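Chemist: Have a look at this one.
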Amino acid sequence: MSNYNINTICVQGGYEPKNGEARVVPIVQSTTFKYESSQQMGDLFDLKEAGYFYTRLANPTNDAVANKICQLEGGVAAILTSSGQAANFYAILNIANAGDHVIASSAIYGGTYNLIAKTMKTMGIETSFVDPDISAWELEAKFKPNTKLVFGETLSNPSLRIFDIEKFANVAHKHGVPLIVDNTFPTPIFCRPFEWGADIVTHSTTKYMNGSANAVGGAVVDSGNFDWGKYSDKFPGLTTPDETYHGTVYTKSFGKAAYITRMTTNLMRDLGSIPSPQNSFYLGFGLETLHLRMERHYENALALAKYLQRHPKVSWVSFSGLENDSQHEMAKKYLPKGSCGVISFGVVGGREAAVKFMDALRLAAIVTHVADARTCVLHPASTTHRQMNDEELLAAGVSADLVRMSVGIEDIRDLIADVEQALEK
């Protein structure tokens with residue numbers, strides 16, 4: 001199925017029913033799986049055989065949907081998590097331990113920033129945040145002997161800055177560490193980071209991949225391209241015996257699937273941030289129309305962005321599809337077919353005017369969410385990024401007047417009319 005075009009993978013990837021089997025991915029709503037002998041069960045626990053025995057580690061429904069996302073991104077292995085936050089947490093924690101160092105873009109989602117800068121710091125993992133426009137030579141100066149990875153977002157939430165994947169990948173690889181990229185906003189429909197050198201991709205599947213705001217989830221996908229064995233001293237968790245599994249060496253036993261296998265057998269086993277099979281089913285259902293929805297999201301957002309930049313009560317607009325946008329040239333490289341449906345803009349009059357504008361909207365809803373079929377709006381500085389101080393907000397590209405509008409797939413005429421009446425008020 002991975003040989004098919006991406007639109008076909010959206011519809012039929014990840015699951016190929018055999019003769020007489022269900023045409024739609026079944027919801028295997030079971031915690032456990034039966035075996036005929038203790039030996040069979042023991043072999044599963046020892047990783048000598050593949051199979052299902054407890055849903056906290058693996059489940060057929062979850063795996064089918066993970067396989068589809070893996071095919072969409074062009075990876076070799078993937079796993080679903082209970083949220084996008086869990087996906088980013090697992091992606092980092094799988095290879096970084098207490099005493100290690102991480103380099104991350106400063107232009108990332110506020111929740112991810114807090115996870116890396118605050119929570120993981122209490123676990124002994126230090127992070128250096130860098131401007132995404134940093135030069136390659138300045139970036140190299142940020143590396144330390146204990147640096148284990150570089151992290152960024154393809155398209156930052158909510159500042160919409162485009163991450164120069166190729167630049168960061170080249171420098172990361174020069175220092176023997178992988179690049180992890182959160183690809184939530186563009187999705188693989190508009191950008192496939194592995195094609196630009198990224199090694200691991202994460203998603204908040206709660207957003208565009210699900211598309212209906214009915215289930216929280218996340219995903220981690222491994223490209224299989226990073227040679228963990230070449231840098232064995234840096235990544236002992238993957239390249240040395242794991243005593244909790246009778247000395248299994250993941251790179252030797254599982255090859256290109258080593259990273260995801262270790263995440264399953266260690267992090268899922270011990271931390272258990274799994275999605276329910278029901279939520280994975282909703283996600284799989286949403287993926288079937290992802291290629292259609294992303295085109296409409298972008299088409300609507302571009303039309304609304306053009307309207308906003310002409311309106312006298314709008315002070316600025318950030319959307320890479322606009323020819324005069326600061327990110328437009330970078331978009332030509334990484335996002336030539338589109339970016340997403342999210343627009344950031346400022347209302348004349350600052351924060352107070354922005355709040356009045358949002359309160360006056362009728363069709364667009366004020367919700368703590370982004371990137372689903374319905375248009376929604378939020379004031380990040382006072383919500384998703386409110387834990388940041390002024391300096392951190394500035395580094396993340398979040399101004400006090402910034403309004404984040406996630407343009408849905410409704411009729412664009414109705415959306416523009418709603419925004420127009422709200423601006424008039």
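Convention: chains lettered A, B, ... in structure tokens order; per-chain residue numbering from 1; ligands numbered from 1 as shown.
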If we count only C-alpha atoms and set the cut-off at 9 Å, which residues sit around region 298-302 of chain A, ignoring sequence neighbours fewer than 2 positions away in its own chain? Please answer as an mmCIF file with N, CA and C atoms, in the first residue's frame.

Modeler:
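The new file result.cif reads:
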```
data_model
loop_
_atom_site.group_PDB
_atom_site.id
_atom_site.type_symbol
_atom_site.label_atom_id
_atom_site.label_comp_id
_atom_site.auth_asym_id
_atom_site.auth_seq_id
_atom_site.Cartn_x
_atom_site.Cartn_y
_atom_site.Cartn_z
ATOM 1 N N ARG A 293 -9.925 17.359 3.013
ATOM 2 C CA ARG A 293 -10.134 18.440 3.980
ATOM 3 C C ARG A 293 -8.988 19.437 3.981
ATOM 4 N N MET A 294 -7.756 18.958 3.895
ATOM 5 C CA MET A 294 -6.611 19.875 3.944
ATOM 6 C C MET A 294 -6.649 20.862 2.789
ATOM 7 N N GLU A 295 -7.052 20.409 1.627
ATOM 8 C CA GLU A 295 -7.155 21.313 0.476
ATOM 9 C C GLU A 295 -8.205 22.397 0.731
ATOM 10 N N ARG A 296 -9.346 22.019 1.302
ATOM 11 C CA ARG A 296 -10.396 23.007 1.573
ATOM 12 C C ARG A 296 -9.983 23.953 2.707
ATOM 13 N N LEU A 304 -9.612 33.986 3.202
ATOM 14 C CA LEU A 304 -9.869 34.833 4.363
ATOM 15 C C LEU A 304 -8.659 35.709 4.666
ATOM 16 N N ALA A 305 -7.451 35.167 4.515
ATOM 17 C CA ALA A 305 -6.237 35.943 4.760
ATOM 18 C C ALA A 305 -6.150 37.134 3.801
ATOM 19 N N LYS A 306 -6.511 36.912 2.541
ATOM 20 C CA LYS A 306 -6.501 38.001 1.562
ATOM 21 C C LYS A 306 -7.524 39.074 1.939
ATOM 22 N N TYR A 307 -8.668 38.639 2.448
ATOM 23 C CA TYR A 307 -9.678 39.596 2.896
ATOM 24 C C TYR A 307 -9.164 40.402 4.094
ATOM 25 N N PHE A 319 0.262 34.568 7.197
ATOM 26 C CA PHE A 319 -0.173 33.362 6.487
ATOM 27 C C PHE A 319 0.758 33.193 5.296
ATOM 28 N N SER A 320 1.487 32.092 5.261
ATOM 29 C CA SER A 320 2.558 31.937 4.267
ATOM 30 C C SER A 320 2.055 31.894 2.834
ATOM 31 N N GLY A 321 0.753 31.672 2.638
ATOM 32 C CA GLY A 321 0.203 31.663 1.289
ATOM 33 C C GLY A 321 0.135 33.048 0.660
ATOM 34 N N LEU A 322 0.225 34.100 1.480
ATOM 35 C CA LEU A 322 0.219 35.471 0.978
ATOM 36 C C LEU A 322 1.589 35.814 0.398
ATOM 37 N N GLY A 338 0.535 24.077 -0.149
ATOM 38 C CA GLY A 338 -0.313 24.634 0.898
ATOM 39 C C GLY A 338 0.300 24.421 2.255
ATOM 40 N N SER A 339 -0.260 25.072 3.260
ATOM 41 C CA SER A 339 0.287 24.975 4.616
ATOM 42 C C SER A 339 -0.712 24.323 5.569
ATOM 43 N N CYS A 340 -1.795 25.022 5.847
ATOM 44 C CA CYS A 340 -2.848 24.517 6.725
ATOM 45 C C CYS A 340 -3.981 25.536 6.696
ATOM 46 N N GLY A 341 -4.892 25.469 7.642
ATOM 47 C CA GLY A 341 -6.000 26.407 7.667
ATOM 48 C C GLY A 341 -5.892 27.446 8.764
ATOM 49 N N VAL A 342 -4.745 27.567 9.400
ATOM 50 C CA VAL A 342 -4.584 28.479 10.529
ATOM 51 C C VAL A 342 -4.001 29.816 10.069
ATOM 52 N N ILE A 343 -4.635 30.889 10.510
ATOM 53 C CA ILE A 343 -4.172 32.252 10.240
ATOM 54 C C ILE A 343 -3.920 32.941 11.575
ATOM 55 N N MET A 405 -6.834 32.141 14.257
ATOM 56 C CA MET A 405 -8.094 31.647 13.699
ATOM 57 C C MET A 405 -7.827 30.386 12.891
ATOM 58 N N SER A 406 -8.491 29.314 13.279
ATOM 59 C CA SER A 406 -8.398 28.047 12.553
ATOM 60 C C SER A 406 -9.598 27.979 11.617
ATOM 61 N N VAL A 407 -9.336 28.165 10.341
ATOM 62 C CA VAL A 407 -10.408 28.250 9.353
ATOM 63 C C VAL A 407 -10.881 26.837 8.984
ATOM 64 N N GLY A 408 -12.176 26.631 9.123
ATOM 65 C CA GLY A 408 -12.746 25.315 8.859
ATOM 66 C C GLY A 408 -13.096 25.093 7.409
ATOM 67 N N ILE A 409 -13.983 24.149 7.164
ATOM 68 C CA ILE A 409 -14.340 23.790 5.791
ATOM 69 C C ILE A 409 -15.768 24.215 5.444
ATOM 70 N N GLU A 410 -16.286 25.209 6.190
ATOM 71 C CA GLU A 410 -17.595 25.759 5.874
ATOM 72 C C GLU A 410 -17.515 26.557 4.559
ATOM 73 N N ASP A 411 -18.618 27.104 4.126
ATOM 74 C CA ASP A 411 -18.624 27.967 2.949
ATOM 75 C C ASP A 411 -17.869 29.253 3.276
ATOM 76 N N ILE A 412 -16.878 29.586 2.459
ATOM 77 C CA ILE A 412 -16.026 30.734 2.742
ATOM 78 C C ILE A 412 -16.821 32.033 2.772
ATOM 79 N N LEU A 415 -18.043 32.494 6.242
ATOM 80 C CA LEU A 415 -16.946 32.803 7.170
ATOM 81 C C LEU A 415 -16.517 34.260 7.053
#
```

Chemist: Any chance you could tabulate, as a tab-separated table, the residues of region 85-198 of chain A at most 12 Å from region 272-280 of chain A with each one's nearest atom pair and distance in Å to one decimal, using only C-alpha atoms, in chain and rising number order?

Modeler:
```
residue	atom	partner	partner_atom	distance
A:Gln85	CA	A:Ser273	CA	10.0
A:Ala86	CA	A:Ser273	CA	6.6
A:Ala87	CA	A:Ser273	CA	8.8
A:Asn88	CA	A:Ser273	CA	11.7
A:Phe89	CA	A:Ser273	CA	10.2
A:Tyr90	CA	A:Ser273	CA	9.2
```

Chemist: When you count only C-alpha atoms, which of these residues is closest to Lys332 (chain A): A:His246, A:Trp316, A:Asp164, A:Leu292?

Modeler: A:Asp164

Chemist: Using only C-alpha atoms for the distances, tell me which of A:Arg56, A:Arg362, A:Lys121, A:Arg161 is nearest to Ala98 (chain A).

Modeler: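 Of A:Arg56, A:Arg362, A:Lys121, A:Arg161, the one nearest Ala98 (chain A), counting only C-alpha atoms, is A:Lys121.
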
Chemist: Might you pull out every residue within 12 Å of Tyr15 (chain A), with only C-alpha atoms counted and same-chain residues fewer than 6 positions away left off, and present them as a tab-separated table (two decimals) with N, CA and C atoms, in the first residue's frame?

Modeler:
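Written file, result06.tsv:
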```tsv
chain	number	residue	atom	x	y	z
A	1	MET	N	0.83	-1.21	0.00
A	1	MET	CA	0.00	0.00	0.00
A	1	MET	C	0.86	1.26	0.00
A	2	SER	N	2.07	1.20	0.56
A	2	SER	CA	2.92	2.38	0.63
A	2	SER	C	3.37	2.83	-0.77
A	9	ILE	N	-3.59	6.24	0.01
A	9	ILE	CA	-3.19	5.76	1.34
A	9	ILE	C	-4.13	6.30	2.40
A	21	GLU	N	-12.85	-11.00	5.94
A	21	GLU	CA	-12.63	-10.12	7.09
A	21	GLU	C	-13.37	-8.80	6.91
A	22	ALA	N	-13.52	-8.08	8.01
A	22	ALA	CA	-14.24	-6.81	8.01
A	22	ALA	C	-13.60	-5.81	7.05
A	23	ARG	N	-14.42	-5.14	6.26
A	23	ARG	CA	-13.92	-4.16	5.30
A	23	ARG	C	-13.38	-2.92	6.02
A	24	VAL	N	-14.02	-2.54	7.13
A	24	VAL	CA	-13.60	-1.40	7.93
A	24	VAL	C	-12.77	-1.91	9.12
A	25	VAL	N	-11.77	-1.15	9.49
A	25	VAL	CA	-10.93	-1.54	10.63
A	25	VAL	C	-11.80	-1.85	11.85
A	26	PRO	N	-11.72	-3.05	12.40
A	26	PRO	CA	-12.56	-3.39	13.56
A	26	PRO	C	-12.07	-2.68	14.83
A	60	PRO	N	-4.68	-4.29	17.94
A	60	PRO	CA	-4.84	-4.33	16.48
A	60	PRO	C	-5.44	-3.07	15.87
A	61	THR	N	-6.42	-2.48	16.54
A	61	THR	CA	-7.03	-1.26	16.01
A	61	THR	C	-6.02	-0.12	16.01
A	62	ASN	N	-5.34	0.06	17.14
A	62	ASN	CA	-4.32	1.10	17.24
A	62	ASN	C	-3.23	0.92	16.19
A	63	ASP	N	-2.79	-0.32	16.02
A	63	ASP	CA	-1.70	-0.59	15.09
A	63	ASP	C	-2.10	-0.33	13.64
A	64	ALA	N	-3.34	-0.65	13.28
A	64	ALA	CA	-3.79	-0.42	11.91
A	64	ALA	C	-3.75	1.07	11.57
A	65	VAL	N	-4.20	1.89	12.50
A	65	VAL	CA	-4.22	3.34	12.27
A	65	VAL	C	-2.79	3.90	12.30
A	66	ALA	N	-1.96	3.39	13.21
A	66	ALA	CA	-0.55	3.81	13.25
A	66	ALA	C	0.14	3.46	11.94
A	67	ASN	N	-0.17	2.30	11.39
A	67	ASN	CA	0.42	1.89	10.12
A	67	ASN	C	0.03	2.83	8.99
A	68	LYS	N	-1.20	3.30	9.00
A	68	LYS	CA	-1.64	4.24	7.97
A	68	LYS	C	-0.86	5.54	8.06
A	69	ILE	N	-0.70	6.08	9.27
A	69	ILE	CA	0.06	7.32	9.45
A	69	ILE	C	1.51	7.11	9.06
A	70	CYS	N	2.05	5.93	9.38
A	70	CYS	CA	3.42	5.60	9.01
A	70	CYS	C	3.58	5.63	7.49
A	71	GLN	N	2.63	5.05	6.77
A	71	GLN	CA	2.67	5.05	5.31
A	71	GLN	C	2.54	6.46	4.75
A	281	PHE	N	-10.16	4.38	16.27
A	281	PHE	CA	-11.13	4.17	15.20
A	281	PHE	C	-11.61	5.51	14.64
A	284	GLY	N	-8.82	6.91	12.56
A	284	GLY	CA	-8.73	6.24	11.27
A	284	GLY	C	-9.81	6.69	10.31
A	288	GLU	N	-9.37	9.12	6.43
A	288	GLU	CA	-9.87	8.76	5.10
A	288	GLU	C	-10.20	9.98	4.25
```

Chemist: Tell me, as an MDAnalysis selection string, which residues lie within 8 Å of Cys10 (chain A), counting only C-alpha atoms; anything in the same chain fewer than 5 positions away does not count.

Modeler: chainID A and resid 68 72 287:291

Chemist: I need the chosen residues saved as a compact mmCIF listing (two decimals), in the first residue's frame, with N, CA and C atoms.

Modeler:
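result_26.txt, freshly written:
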```txt
# COMPACT_ATOMS: atom_id res chain seq x y z
N LYS A 68 -1.20 3.30 9.00
CA LYS A 68 -1.64 4.24 7.97
C LYS A 68 -0.86 5.54 8.06
N LEU A 72 1.67 7.26 5.36
CA LEU A 72 1.49 8.63 4.90
C LEU A 72 2.77 9.44 5.02
N LEU A 287 -8.85 10.11 8.94
CA LEU A 287 -7.75 10.07 7.98
C LEU A 287 -8.23 9.79 6.56
N GLU A 288 -9.37 9.12 6.43
CA GLU A 288 -9.87 8.76 5.10
C GLU A 288 -10.20 9.98 4.25
N THR A 289 -10.47 11.12 4.89
CA THR A 289 -10.79 12.35 4.14
C THR A 289 -9.75 13.45 4.34
N LEU A 290 -8.63 13.11 4.92
CA LEU A 290 -7.60 14.12 5.24
C LEU A 290 -7.17 14.89 3.99
N HIS A 291 -6.94 14.16 2.89
CA HIS A 291 -6.45 14.81 1.67
C HIS A 291 -7.47 15.79 1.10
```

Chemist: Mind the document's chain letters and residue numbers, and return as a VMD selection string the residues of region 253-321 of chain A that DSSP labels helix (DSSP H, G or I).

Modeler: chain A and resid 253 to 271 277 to 287 290 to 310

Chemist: Only N, CA and C atoms, please: the residues just picked out, written as a compact mmCIF listing (two decimals), in the first residue's frame.

Modeler:
```txt
# COMPACT_ATOMS: atom_id res chain seq x y z
N SER A 253 18.10 -6.67 17.42
CA SER A 253 16.92 -7.53 17.29
C SER A 253 15.84 -6.97 16.37
N PHE A 254 15.76 -5.63 16.27
CA PHE A 254 14.65 -5.03 15.53
C PHE A 254 15.07 -4.08 14.42
N GLY A 255 16.36 -3.91 14.21
CA GLY A 255 16.84 -3.13 13.08
C GLY A 255 16.25 -1.73 13.03
N LYS A 256 15.65 -1.38 11.88
CA LYS A 256 15.11 -0.04 11.70
C LYS A 256 13.90 0.24 12.58
N ALA A 257 13.31 -0.79 13.17
CA ALA A 257 12.17 -0.60 14.07
C ALA A 257 12.60 -0.47 15.52
N ALA A 258 13.88 -0.33 15.77
CA ALA A 258 14.41 -0.32 17.14
C ALA A 258 13.82 0.81 17.99
N TYR A 259 13.76 2.00 17.42
CA TYR A 259 13.31 3.17 18.18
C TYR A 259 11.86 3.02 18.63
N ILE A 260 10.97 2.63 17.73
CA ILE A 260 9.55 2.48 18.08
C ILE A 260 9.34 1.26 18.96
N THR A 261 10.10 0.19 18.74
CA THR A 261 9.95 -1.00 19.58
C THR A 261 10.32 -0.69 21.01
N ARG A 262 11.41 0.06 21.21
CA ARG A 262 11.80 0.42 22.58
C ARG A 262 10.75 1.32 23.22
N MET A 263 10.17 2.23 22.43
CA MET A 263 9.13 3.10 22.95
C MET A 263 7.93 2.28 23.42
N THR A 264 7.60 1.25 22.66
CA THR A 264 6.47 0.39 23.02
C THR A 264 6.77 -0.43 24.26
N THR A 265 7.92 -1.08 24.26
CA THR A 265 8.23 -2.03 25.33
C THR A 265 8.65 -1.37 26.63
N ASN A 266 9.14 -0.13 26.57
CA ASN A 266 9.57 0.55 27.78
C ASN A 266 8.62 1.66 28.23
N LEU A 267 8.42 2.67 27.36
CA LEU A 267 7.62 3.82 27.77
C LEU A 267 6.14 3.47 27.89
N MET A 268 5.61 2.73 26.94
CA MET A 268 4.20 2.33 27.06
C MET A 268 4.01 1.36 28.22
N ARG A 269 4.96 0.47 28.38
CA ARG A 269 4.88 -0.46 29.51
C ARG A 269 4.86 0.27 30.85
N ASP A 270 5.71 1.29 31.00
CA ASP A 270 5.88 1.93 32.30
C ASP A 270 4.99 3.17 32.50
N LEU A 271 4.66 3.88 31.42
CA LEU A 271 3.90 5.12 31.54
C LEU A 271 2.48 5.01 30.99
N PRO A 277 -8.92 2.01 21.75
CA PRO A 277 -9.22 1.56 20.39
C PRO A 277 -10.36 2.36 19.76
N GLN A 278 -11.32 2.78 20.58
CA GLN A 278 -12.43 3.58 20.05
C GLN A 278 -11.92 4.91 19.50
N ASN A 279 -11.03 5.58 20.23
CA ASN A 279 -10.46 6.84 19.75
C ASN A 279 -9.63 6.63 18.49
N SER A 280 -8.90 5.52 18.44
CA SER A 280 -8.11 5.23 17.24
C SER A 280 -9.02 4.99 16.04
N PHE A 281 -10.16 4.38 16.27
CA PHE A 281 -11.13 4.17 15.20
C PHE A 281 -11.61 5.51 14.64
N TYR A 282 -11.93 6.46 15.54
CA TYR A 282 -12.34 7.79 15.10
C TYR A 282 -11.23 8.45 14.26
N LEU A 283 -9.99 8.29 14.72
CA LEU A 283 -8.84 8.85 14.00
C LEU A 283 -8.72 8.23 12.61
N GLY A 284 -8.82 6.91 12.56
CA GLY A 284 -8.73 6.24 11.27
C GLY A 284 -9.81 6.69 10.31
N PHE A 285 -11.00 6.91 10.84
CA PHE A 285 -12.11 7.38 10.03
C PHE A 285 -11.82 8.78 9.48
N GLY A 286 -11.24 9.64 10.34
CA GLY A 286 -10.89 10.99 9.91
C GLY A 286 -9.81 11.00 8.85
N LEU A 287 -8.85 10.11 8.94
CA LEU A 287 -7.75 10.07 7.98
C LEU A 287 -8.23 9.79 6.56
N LEU A 290 -8.63 13.11 4.92
CA LEU A 290 -7.60 14.12 5.24
C LEU A 290 -7.17 14.89 3.99
N HIS A 291 -6.94 14.16 2.89
CA HIS A 291 -6.45 14.81 1.67
C HIS A 291 -7.47 15.79 1.10
N LEU A 292 -8.75 15.50 1.28
CA LEU A 292 -9.80 16.40 0.80
C LEU A 292 -9.95 17.61 1.71
N ARG A 293 -9.92 17.36 3.01
CA ARG A 293 -10.13 18.44 3.98
C ARG A 293 -8.99 19.44 3.98
N MET A 294 -7.76 18.96 3.89
CA MET A 294 -6.61 19.88 3.94
C MET A 294 -6.65 20.86 2.79
N GLU A 295 -7.05 20.41 1.63
CA GLU A 295 -7.16 21.31 0.48
C GLU A 295 -8.20 22.40 0.73
N ARG A 296 -9.35 22.02 1.30
CA ARG A 296 -10.40 23.01 1.57
C ARG A 296 -9.98 23.95 2.71
N HIS A 297 -9.36 23.41 3.75
CA HIS A 297 -8.87 24.27 4.85
C HIS A 297 -7.97 25.37 4.29
N TYR A 298 -7.01 24.95 3.46
CA TYR A 298 -6.04 25.91 2.93
C TYR A 298 -6.71 26.90 1.98
N GLU A 299 -7.57 26.42 1.12
CA GLU A 299 -8.28 27.27 0.18
C GLU A 299 -9.09 28.35 0.91
N ASN A 300 -9.82 27.93 1.95
CA ASN A 300 -10.61 28.89 2.74
C ASN A 300 -9.73 29.89 3.47
N ALA A 301 -8.63 29.36 4.08
CA ALA A 301 -7.74 30.22 4.86
C ALA A 301 -7.08 31.26 3.97
N LEU A 302 -6.68 30.88 2.78
CA LEU A 302 -6.03 31.82 1.87
C LEU A 302 -7.01 32.93 1.48
N ALA A 303 -8.25 32.56 1.19
CA ALA A 303 -9.26 33.56 0.82
C ALA A 303 -9.53 34.52 1.98
N LEU A 304 -9.61 33.99 3.20
CA LEU A 304 -9.87 34.83 4.36
C LEU A 304 -8.66 35.71 4.67
N ALA A 305 -7.45 35.17 4.52
CA ALA A 305 -6.24 35.94 4.76
C ALA A 305 -6.15 37.13 3.80
N LYS A 306 -6.51 36.91 2.54
CA LYS A 306 -6.50 38.00 1.56
C LYS A 306 -7.52 39.07 1.94
N TYR A 307 -8.67 38.64 2.45
CA TYR A 307 -9.68 39.60 2.90
C TYR A 307 -9.16 40.40 4.09
N LEU A 308 -8.57 39.71 5.05
CA LEU A 308 -8.10 40.36 6.28
C LEU A 308 -7.00 41.39 6.01
N GLN A 309 -6.09 41.08 5.10
CA GLN A 309 -4.98 42.02 4.87
C GLN A 309 -5.44 43.31 4.19
N ARG A 310 -6.65 43.29 3.64
CA ARG A 310 -7.19 44.51 3.03
C ARG A 310 -8.07 45.31 3.99
```

Chemist: Can you tell me, as a list in words, what residues are no more than 6 Å from region 101-115 of chain A when counting only C-alpha atoms, ignoring any on the same chain fewer than 6 positions away?

Modeler: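 After dropping sequence-adjacent residues, the list is Ile125, Glu126, Thr127, Ser128, Phe129, Val130, Asp131, Pro132, Asn146, Thr147, Lys148, Leu149, Val150, Phe151, Gly152, Ser156, Asn157, Thr384, His385, Ala395 and Ala396 of chain A.
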